[in-house]
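File shown: upload04.txt. Contents: compact mmCIF, C-alpha atoms.
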```
# COMPACT_ATOMS: atom_id res chain seq x y z
CA MET A 766 102.20 77.17 155.94
CA LEU A 767 105.73 75.78 156.14
CA THR A 768 107.84 76.21 159.24
CA ASP A 769 111.40 77.57 158.96
CA SER A 770 112.72 74.02 159.38
CA GLU A 771 110.59 72.78 156.51
CA ARG A 772 111.38 75.72 154.24
CA PHE A 773 115.11 75.26 154.59
CA ALA A 774 115.28 71.46 154.76
CA PHE A 775 116.81 70.97 151.31
CA ASP A 776 120.09 71.41 149.51
CA THR A 777 120.27 73.45 146.37
CA ARG A 778 122.29 72.09 143.47
CA ARG A 779 123.60 74.18 140.63
CA HIS A 780 123.90 72.63 137.17
CA HIS A 781 125.75 74.21 134.28
CA ALA A 782 125.18 72.78 130.79
CA PHE A 783 127.71 73.11 127.97
CA ALA A 784 128.08 72.17 124.31
CA SER A 785 131.48 70.53 124.96
CA ALA A 786 133.64 69.39 127.85
CA GLY A 787 136.23 71.91 126.68
CA ASN A 788 133.70 74.69 127.16
CA ALA A 789 132.84 73.29 130.59
CA TYR A 790 136.51 73.21 131.59
CA ASP A 791 137.12 76.78 130.44
CA ALA A 792 133.98 78.08 132.15
CA ALA A 793 134.85 76.34 135.43
CA GLN A 794 138.20 78.15 135.29
CA CYS A 795 136.89 81.62 134.41
CA ASP A 796 133.19 82.05 135.19
CA GLU A 797 132.69 83.34 138.72
CA ALA A 798 129.10 82.07 138.67
CA ILE A 799 130.43 78.49 138.72
CA ARG A 800 131.44 77.41 142.20
CA THR A 801 133.41 74.48 143.52
CA GLY A 802 131.07 71.50 143.78
CA ASP A 803 128.66 72.64 141.07
CA THR A 804 127.61 69.99 138.55
CA LEU A 805 128.81 70.29 134.95
CA VAL A 806 126.74 68.61 132.22
CA VAL A 807 127.71 67.96 128.60
CA LEU A 808 124.87 65.97 127.04
CA ALA A 809 126.47 65.67 123.59
CA GLU A 810 129.55 63.95 125.05
CA GLU A 811 127.76 62.02 127.85
CA VAL A 812 129.86 63.80 130.46
CA VAL A 813 128.85 64.80 133.96
CA GLY A 814 131.50 66.47 136.07
CA ILE A 815 132.17 68.47 139.19
CA ALA A 816 133.51 72.01 139.11
CA MET A 817 136.66 72.94 140.97
CA THR A 818 140.07 74.38 140.09
CA TRP A 819 140.67 71.29 137.90
CA PRO A 820 137.16 70.17 136.95
CA PHE A 821 136.78 66.41 136.71
CA ALA A 822 134.25 63.93 135.34
CA VAL A 823 132.35 61.28 137.27
CA THR A 824 131.45 59.59 133.99
CA ASN A 825 133.58 57.19 131.98
CA ALA A 826 133.60 59.72 129.14
CA HIS A 827 135.41 62.82 130.33
CA GLY A 828 136.32 64.81 127.23
CA LYS A 829 138.53 67.74 128.28
CA LEU A 830 137.67 67.36 131.98
CA HIS A 831 140.13 65.54 134.19
CA ALA A 832 139.60 61.83 134.84
CA LEU A 833 139.83 60.48 138.37
CA ALA A 834 143.06 58.78 139.40
CA CYS A 835 143.06 55.25 140.71
CA PRO A 836 142.04 55.31 144.39
CA ARG A 837 144.71 54.50 146.94
CA GLU A 838 144.39 51.32 148.98
CA GLY A 839 141.64 51.79 151.57
CA GLU A 840 140.55 55.15 150.16
CA MET A 841 136.85 55.91 150.56
CA LEU A 842 134.63 58.40 148.75
CA VAL A 843 134.83 60.82 151.68
CA ASP A 844 138.64 60.76 151.44
CA LEU A 845 138.61 61.47 147.72
CA ALA A 846 136.06 64.27 148.16
CA ARG A 847 138.16 65.85 150.91
CA SER A 848 141.32 65.71 148.79
CA LEU A 849 139.50 67.49 145.93
CA HIS A 850 137.89 70.08 148.25
CA VAL A 851 134.35 69.02 147.34
CA SER A 852 131.78 67.16 149.41
CA PRO A 853 130.70 63.53 149.16
CA ALA A 854 127.22 64.94 148.43
CA ASP A 855 128.66 66.68 145.33
CA PHE A 856 129.84 63.28 144.10
CA GLU A 857 126.59 61.55 145.00
CA HIS A 858 124.52 64.16 143.19
CA ALA A 859 126.65 64.10 140.03
CA VAL A 860 126.58 60.29 140.02
CA GLU A 861 122.79 60.23 140.46
CA LEU A 862 122.37 62.66 137.55
CA ALA A 863 124.74 60.65 135.33
CA ARG A 864 122.82 57.46 136.11
CA CYS A 865 119.47 59.14 135.39
CA LEU A 866 120.85 60.25 132.03
CA GLY A 867 122.09 56.71 131.31
CA PHE A 868 125.77 57.73 131.18
CA ALA A 869 128.44 55.17 132.15
CA LEU A 870 130.28 56.04 135.37
CA ASP A 871 134.04 56.18 135.74
CA PRO A 872 135.09 52.66 136.85
CA GLN A 873 137.41 54.18 139.50
CA LEU A 874 134.41 55.90 141.04
CA GLU A 875 132.26 52.76 140.77
CA ARG A 876 134.74 51.00 143.06
CA LEU A 877 134.59 53.80 145.62
CA LEU A 878 130.79 53.89 145.54
CA SER A 879 130.58 50.16 146.22
CA ALA A 880 133.24 50.20 148.99
CA LYS A 881 131.93 49.93 152.51
CA PRO A 882 133.72 51.61 155.42
CA GLU A 883 135.45 49.20 157.75
CA ALA A 884 133.83 48.80 161.15
CA GLY A 885 136.09 50.18 163.75
```
Could you render the structure as structure tokens?
Amino acid sequence: MLTDSERFAFDTRRHHAFASAGNAYDAAQCDEAIRTGDTLVVLAEEVVGIAMTWPFAVTNAHGKLHALACPREGEMLVDLARSLHVSPADFEHAVELARCLGFALDPQLERLLSAKPEAG
């Protein structure tokens, strides 16, 4: 039998699959079942994104989802996540899924993923 600690020692992730990035964008805007931080998947367009007010892609292909802006000097993934009101774990999960599907990542995000925090 599992203890309470073992039963609740995981994070749930919600994925929403769509026929097009346009459909994903519209649903992220209107469907109350889609929450900020949920993962959006559009297999036909090789797009993986993150839901929020302005849903964005973590993949190089983004279709109708927003593309990430160039990171500011010294910006880390945690900073970007905070500015978009999602968690770094939301990014990490979407990136892991995109990689498993063989989709190319957004080069802006690749730079943030490879950046190491400065020791301080």
For region 853-876 of chain A versus region 818-832 of chain A, which residues have an atom no more than 9 Å away, and what is each residue's nearest atom pair and distance in Å rounded to one decimal, using all atoms listed in the file, chain-then-number order, as JSON lines?
```
{"residue": "A:Phe856", "atom": "CA", "partner": "A:Val823", "partner_atom": "CA", "distance": 7.5}
{"residue": "A:Ala859", "atom": "CA", "partner": "A:Val823", "partner_atom": "CA", "distance": 6.9}
{"residue": "A:Val860", "atom": "CA", "partner": "A:Val823", "partner_atom": "CA", "distance": 6.5}
{"residue": "A:Ala863", "atom": "CA", "partner": "A:Thr824", "partner_atom": "CA", "distance": 6.9}
{"residue": "A:Phe868", "atom": "CA", "partner": "A:Thr824", "partner_atom": "CA", "distance": 6.6}
{"residue": "A:Ala869", "atom": "CA", "partner": "A:Asn825", "partner_atom": "CA", "distance": 5.5}
{"residue": "A:Leu870", "atom": "CA", "partner": "A:Thr824", "partner_atom": "CA", "distance": 4.0}
{"residue": "A:Asp871", "atom": "CA", "partner": "A:Asn825", "partner_atom": "CA", "distance": 3.9}
{"residue": "A:Pro872", "atom": "CA", "partner": "A:Asn825", "partner_atom": "CA", "distance": 6.8}
{"residue": "A:Gln873", "atom": "CA", "partner": "A:Asn825", "partner_atom": "CA", "distance": 9.0}
{"residue": "A:Leu874", "atom": "CA", "partner": "A:Val823", "partner_atom": "CA", "distance": 6.9}
```
Practice prompt. Measuring atom to atom with all atoms listed in the file, identify which of A:Val851, A:Ala816, A:Val807, A:Ser879 is nearest to Ala793 (chain A).
Written response: A:Ala816
Worksheet, complete the sentence: Using only C-alpha atoms, the best pick from A:Ala846, A:Leu805, A:Val813, A:Asp776 as closest to Cys865 (chain A) would be A:Val813
Practice prompt. Measuring atom to atom with only C-alpha atoms, identify which of A:Ala834, A:Leu849, A:Ala782, A:Ile815 is nearest to Gly802 (chain A).
Written response: A:Ile815
Discussion item. Rounded to one decimal, what separation in Å do you get between CA of Ser852 (chain A) and CA of Glu840 (chain A)?
Written reply: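 According to the coordinates, CA of Ser852 (chain A) and CA of Glu840 (chain A) are separated by 14.9 Å.
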Worksheet item: Taking into account all atoms listed in the file, which residue in the set A:Ala798, A:Cys835, A:Met817, A:Leu842 is nearest to Arg779 (chain A)?
Response: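 Under the stated criterion, the closest residue is A:Ala798.
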Discussion item. Need the shell around His780 (chain A): protein/DNA/RNA residues with any atom at most 9 Å away, counting only C-alpha atoms. Skip same-chain ones fewer than 2 positions apart. Format as a PyMOL selection string?
Written reply: chain A and resi 778+782+799+803-806
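Between CA of Met841 (chain A) and CA of Val812 (chain A) the separation is 22.7 Å.
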Item to complete: Give me, please, the distance in Å between CA of Ser848 (chain A) and CA of Tyr790 (chain A), quoted to one decimal.
Response: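 Between CA of Ser848 (chain A) and CA of Tyr790 (chain A) the gap is 19.4 Å.
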Fill in: Using all atoms listed in the file: which of A:Glu838, A:Glu861, A:Glu797, A:Asp855 has the shortest distance to Ala880 (chain A)
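With all atoms listed in the file as the atom set, the closest residue is A:Glu838.
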Worksheet item: Looking at only C-alpha atoms, which of A:Asp796, A:Thr768, A:Leu878, A:Ala809 is the one that sits closest to Ala784 (chain A)?
Response: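 Using only C-alpha atoms, Ala784 (chain A) sits closest to A:Ala809.
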Around region 860-875 of chain A, with edges along x, y and z and 8 Å added on all six sides, what centre and edge lengths do you get, in Å to one decimal, as lines of an AutoDock Vina configuration file?
```
center_x = 128.4
center_y = 57.7
center_z = 136.1
size_x = 33.9
size_y = 26.0
size_z = 25.9
```
